[in-house]
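structure_15.cif follows; it contains mmCIF, C-alpha atoms, pLDDT in the B column; chains and numbers go by the auth columns.
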data_work
loop_
_atom_site.group_PDB
_atom_site.id
_atom_site.type_symbol
_atom_site.label_atom_id
_atom_site.label_comp_id
_atom_site.label_asym_id
_atom_site.label_seq_id
_atom_site.Cartn_x
_atom_site.Cartn_y
_atom_site.Cartn_z
_atom_site.B_iso_or_equiv
_atom_site.auth_seq_id
_atom_site.auth_asym_id
ATOM 1 C CA MET A 1 92.860 66.225 96.291 51.00 1 A
ATOM 2 C CA THR A 2 92.810 69.347 94.181 55.00 2 A
ATOM 3 C CA ASN A 3 95.190 72.234 94.136 57.00 3 A
ATOM 4 C CA ALA A 4 92.383 74.802 93.928 58.00 4 A
ATOM 5 C CA GLN A 5 93.105 76.342 97.337 65.00 5 A
ATOM 6 C CA ASN A 6 96.762 76.957 96.503 65.00 6 A
ATOM 7 C CA ALA A 7 96.306 78.252 92.979 61.00 7 A
ATOM 8 C CA PRO A 8 97.190 81.915 92.538 62.00 8 A
ATOM 9 C CA VAL A 9 94.334 84.218 91.759 56.00 9 A
ATOM 10 C CA PRO A 10 94.714 85.495 88.212 56.00 10 A
ATOM 11 C CA ALA A 11 95.044 89.227 87.975 60.00 11 A
ATOM 12 C CA GLY A 12 92.013 90.762 86.371 58.00 12 A
ATOM 13 C CA PRO A 13 92.101 93.667 83.995 56.00 13 A
ATOM 14 C CA THR A 14 92.922 96.983 85.589 68.00 14 A
ATOM 15 C CA THR A 15 90.256 99.577 85.851 83.00 15 A
ATOM 16 C CA THR A 16 90.551 103.123 84.635 85.00 16 A
ATOM 17 C CA SER A 17 90.648 104.446 88.196 85.00 17 A
ATOM 18 C CA GLN A 18 93.595 102.192 89.051 86.00 18 A
ATOM 19 C CA ASP A 19 95.387 103.403 85.933 87.00 19 A
ATOM 20 C CA VAL A 20 94.788 107.027 86.919 89.00 20 A
ATOM 21 C CA LEU A 21 96.038 106.383 90.457 89.00 21 A
ATOM 22 C CA ALA A 22 99.165 104.662 89.118 88.00 22 A
ATOM 23 C CA ALA A 23 99.820 107.507 86.680 90.00 23 A
ATOM 24 C CA THR A 24 99.356 110.050 89.459 92.00 24 A
ATOM 25 C CA MET A 25 101.825 108.206 91.679 90.00 25 A
ATOM 26 C CA ALA A 26 104.245 107.929 88.755 90.00 26 A
ATOM 27 C CA ALA A 27 104.144 111.714 88.437 93.00 27 A
ATOM 28 C CA LEU A 28 104.241 112.477 92.167 93.00 28 A
ATOM 29 C CA MET A 29 107.154 110.196 93.078 92.00 29 A
ATOM 30 C CA PRO A 30 109.911 111.978 91.121 94.00 30 A
ATOM 31 C CA LEU A 31 108.346 115.388 91.764 95.00 31 A
ATOM 32 C CA GLY A 32 108.317 114.811 95.528 94.00 32 A
ATOM 33 C CA ALA A 33 111.828 113.366 95.483 94.00 33 A
ATOM 34 C CA GLY A 34 113.149 116.320 93.524 94.00 34 A
ATOM 35 C CA PHE A 35 111.444 118.821 95.814 93.00 35 A
ATOM 36 C CA THR A 36 112.801 117.083 98.910 93.00 36 A
ATOM 37 C CA VAL A 37 116.398 116.860 97.713 94.00 37 A
ATOM 38 C CA THR A 38 116.444 120.404 96.326 92.00 38 A
ATOM 39 C CA LEU A 39 114.794 121.815 99.436 92.00 39 A
ATOM 40 C CA GLY A 40 117.407 120.131 101.606 92.00 40 A
ATOM 41 C CA TYR A 41 120.138 121.615 99.449 92.00 41 A
ATOM 42 C CA LEU A 42 118.604 125.097 99.577 90.00 42 A
ATOM 43 C CA TRP A 43 118.301 124.992 103.358 90.00 43 A
ATOM 44 C CA LEU A 44 121.513 123.235 104.412 90.00 44 A
ATOM 45 C CA ASP A 45 123.819 123.040 101.365 91.00 45 A
ATOM 46 C CA ILE A 46 125.560 119.686 100.888 94.00 46 A
ATOM 47 C CA PHE A 47 124.450 118.322 104.265 95.00 47 A
ATOM 48 C CA GLY A 48 120.832 119.077 103.336 93.00 48 A
ATOM 49 C CA LEU A 49 121.340 117.324 100.027 94.00 49 A
ATOM 50 C CA ILE A 50 122.480 114.206 101.875 95.00 50 A
ATOM 51 C CA VAL A 51 119.588 114.468 104.333 95.00 51 A
ATOM 52 C CA GLY A 52 117.152 114.907 101.439 94.00 52 A
ATOM 53 C CA LEU A 53 118.505 111.835 99.672 96.00 53 A
ATOM 54 C CA GLY A 54 118.209 109.875 102.925 96.00 54 A
ATOM 55 C CA ALA A 55 114.617 111.050 103.382 94.00 55 A
ATOM 56 C CA VAL A 56 113.709 110.003 99.844 94.00 56 A
ATOM 57 C CA ALA A 57 115.360 106.594 100.273 95.00 57 A
ATOM 58 C CA GLY A 58 113.587 106.109 103.622 95.00 58 A
ATOM 59 C CA TRP A 59 110.237 107.017 102.121 92.00 59 A
ATOM 60 C CA ALA A 60 110.771 104.646 99.174 91.00 60 A
ATOM 61 C CA TYR A 61 111.709 101.828 101.565 94.00 61 A
ATOM 62 C CA TRP A 62 108.615 102.470 103.710 91.00 62 A
ATOM 63 C CA TRP A 63 106.260 102.692 100.702 87.00 63 A
ATOM 64 C CA ARG A 64 107.591 99.474 99.187 89.00 64 A
ATOM 65 C CA ASN A 65 107.275 97.575 102.486 92.00 65 A
ATOM 66 C CA LYS A 66 103.751 98.882 103.101 87.00 66 A
ATOM 67 C CA HIS A 67 102.362 98.168 99.628 83.00 67 A
ATOM 68 C CA GLY A 68 104.624 95.348 98.449 86.00 68 A
ATOM 69 C CA ALA A 69 105.510 97.233 95.253 84.00 69 A
ATOM 70 C CA PHE A 70 105.898 100.791 94.098 81.00 70 A
ATOM 71 C CA PHE A 71 102.789 100.462 91.919 81.00 71 A
ATOM 72 C CA PRO A 72 100.577 97.813 93.527 82.00 72 A
ATOM 73 C CA ALA A 73 97.568 96.461 91.680 79.00 73 A
ATOM 74 C CA ASP A 74 95.194 97.570 94.454 82.00 74 A
ATOM 75 C CA LEU A 75 96.430 101.123 94.973 83.00 75 A
ATOM 76 C CA ARG A 76 94.121 103.121 97.232 83.00 76 A
ATOM 77 C CA GLY A 77 93.011 106.676 96.617 85.00 77 A
ATOM 78 C CA GLY A 78 93.773 107.617 100.218 89.00 78 A
ATOM 79 C CA SER A 79 97.413 106.656 99.822 86.00 79 A
ATOM 80 C CA VAL A 80 97.748 108.666 96.639 89.00 80 A
ATOM 81 C CA GLY A 81 95.869 111.617 98.133 92.00 81 A
ATOM 82 C CA GLY A 82 98.005 111.581 101.258 91.00 82 A
ATOM 83 C CA PHE A 83 101.172 111.493 99.211 90.00 83 A
ATOM 84 C CA GLY A 84 99.816 114.267 96.989 94.00 84 A
ATOM 85 C CA ALA A 85 99.190 116.425 100.059 95.00 85 A
ATOM 86 C CA LEU A 86 102.709 115.719 101.308 93.00 86 A
ATOM 87 C CA VAL A 87 104.205 116.714 97.950 94.00 87 A
ATOM 88 C CA ALA A 88 102.085 119.884 97.965 96.00 88 A
ATOM 89 C CA VAL A 89 103.409 120.869 101.412 96.00 89 A
ATOM 90 C CA ILE A 90 107.010 120.135 100.391 93.00 90 A
ATOM 91 C CA GLY A 91 106.417 122.117 97.187 92.00 91 A
ATOM 92 C CA LEU A 92 105.101 125.048 99.224 94.00 92 A
ATOM 93 C CA PHE A 93 108.225 124.971 101.411 92.00 93 A
ATOM 94 C CA PHE A 94 110.307 124.767 98.234 90.00 94 A
ATOM 95 C CA LEU A 95 108.642 127.896 96.816 91.00 95 A
ATOM 96 C CA ILE A 96 109.064 129.738 100.123 91.00 96 A
ATOM 97 C CA ALA A 97 112.753 128.794 100.187 89.00 97 A
ATOM 98 C CA LEU A 98 113.230 130.235 96.688 87.00 98 A
ATOM 99 C CA VAL A 99 111.915 133.668 97.697 86.00 99 A
ATOM 100 C CA PRO A 100 114.817 135.830 98.961 76.00 100 A
#
As structure tokens, please, write out the structure in this file.
Amino acid sequence: MTNAQNAPVPAGPTTTSQDVLAATMAALMPLGAGFTVTLGYLWLDIFGLIVGLGAVAGWAYWWRNKHGAFFPADLRGGSVGGFGALVAVIGLFFLIALVP
């Protein structure tokens, strides 16, 4: 009896597209978190800061449970694009909140 069925699949080399997606997520994660926390603070002072931190923690928990890691080996372009669109909308709200 062999152990071939239970052997872990070795991870192959990453492709350039996976590296670009991981780098994009690495840039978008802190940018989106900063926008969210600062936007909460601009809108609702200290309560908004707490709400923003809770929103960021909730998003991080959801992302990690959905993908199994913050930077999974099989990251999809749709996930990165969706998160990029979300960060763009939060950034737009952030810019609107800065205008007096």
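For the atom pair formed by atom CA of Gly40 of chain A and atom CA of Leu53 of chain A, the distance is 8.6 Å, given to one decimal.
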Mind pulling up the distance from atom CA of Phe94 of chain A to atom CA of Leu39 of chain A?
5.5 Å
Using the chain letters and residue numbers of this document, give as a VMD selection string the residues selected by the PyMOL selection byres ((chain A and resi 80) around 12).
chain A and resid 17 to 18 20 to 29 63 67 70 to 72 74 to 79 81 to 87
Env of Phe35 of chain A: 7 Å cut, atoms = all atoms listed in the file, seq-sep filter 3 positions within chain, self excluded. Answer as a PyMOL selection string.
chain A and resi 31-32+38-39+90-91+94
I need the residue set behind the PyMOL selection byres ((chain A and resi 51) around 12) for this file; please write it as a ChimeraX atom specification.
/A:33,36-50,52-58
Which distance in Å separates atom CA of Pro30 of chain A and atom CA of Pro100 of chain A, to one decimal?
25.6 Å
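Between Ala73 of chain A and the residues A:Tyr61, A:Leu92, A:Asp19, A:Gly34, the shortest atom-to-atom distance, using only C-alpha atoms, involves A:Asp19.
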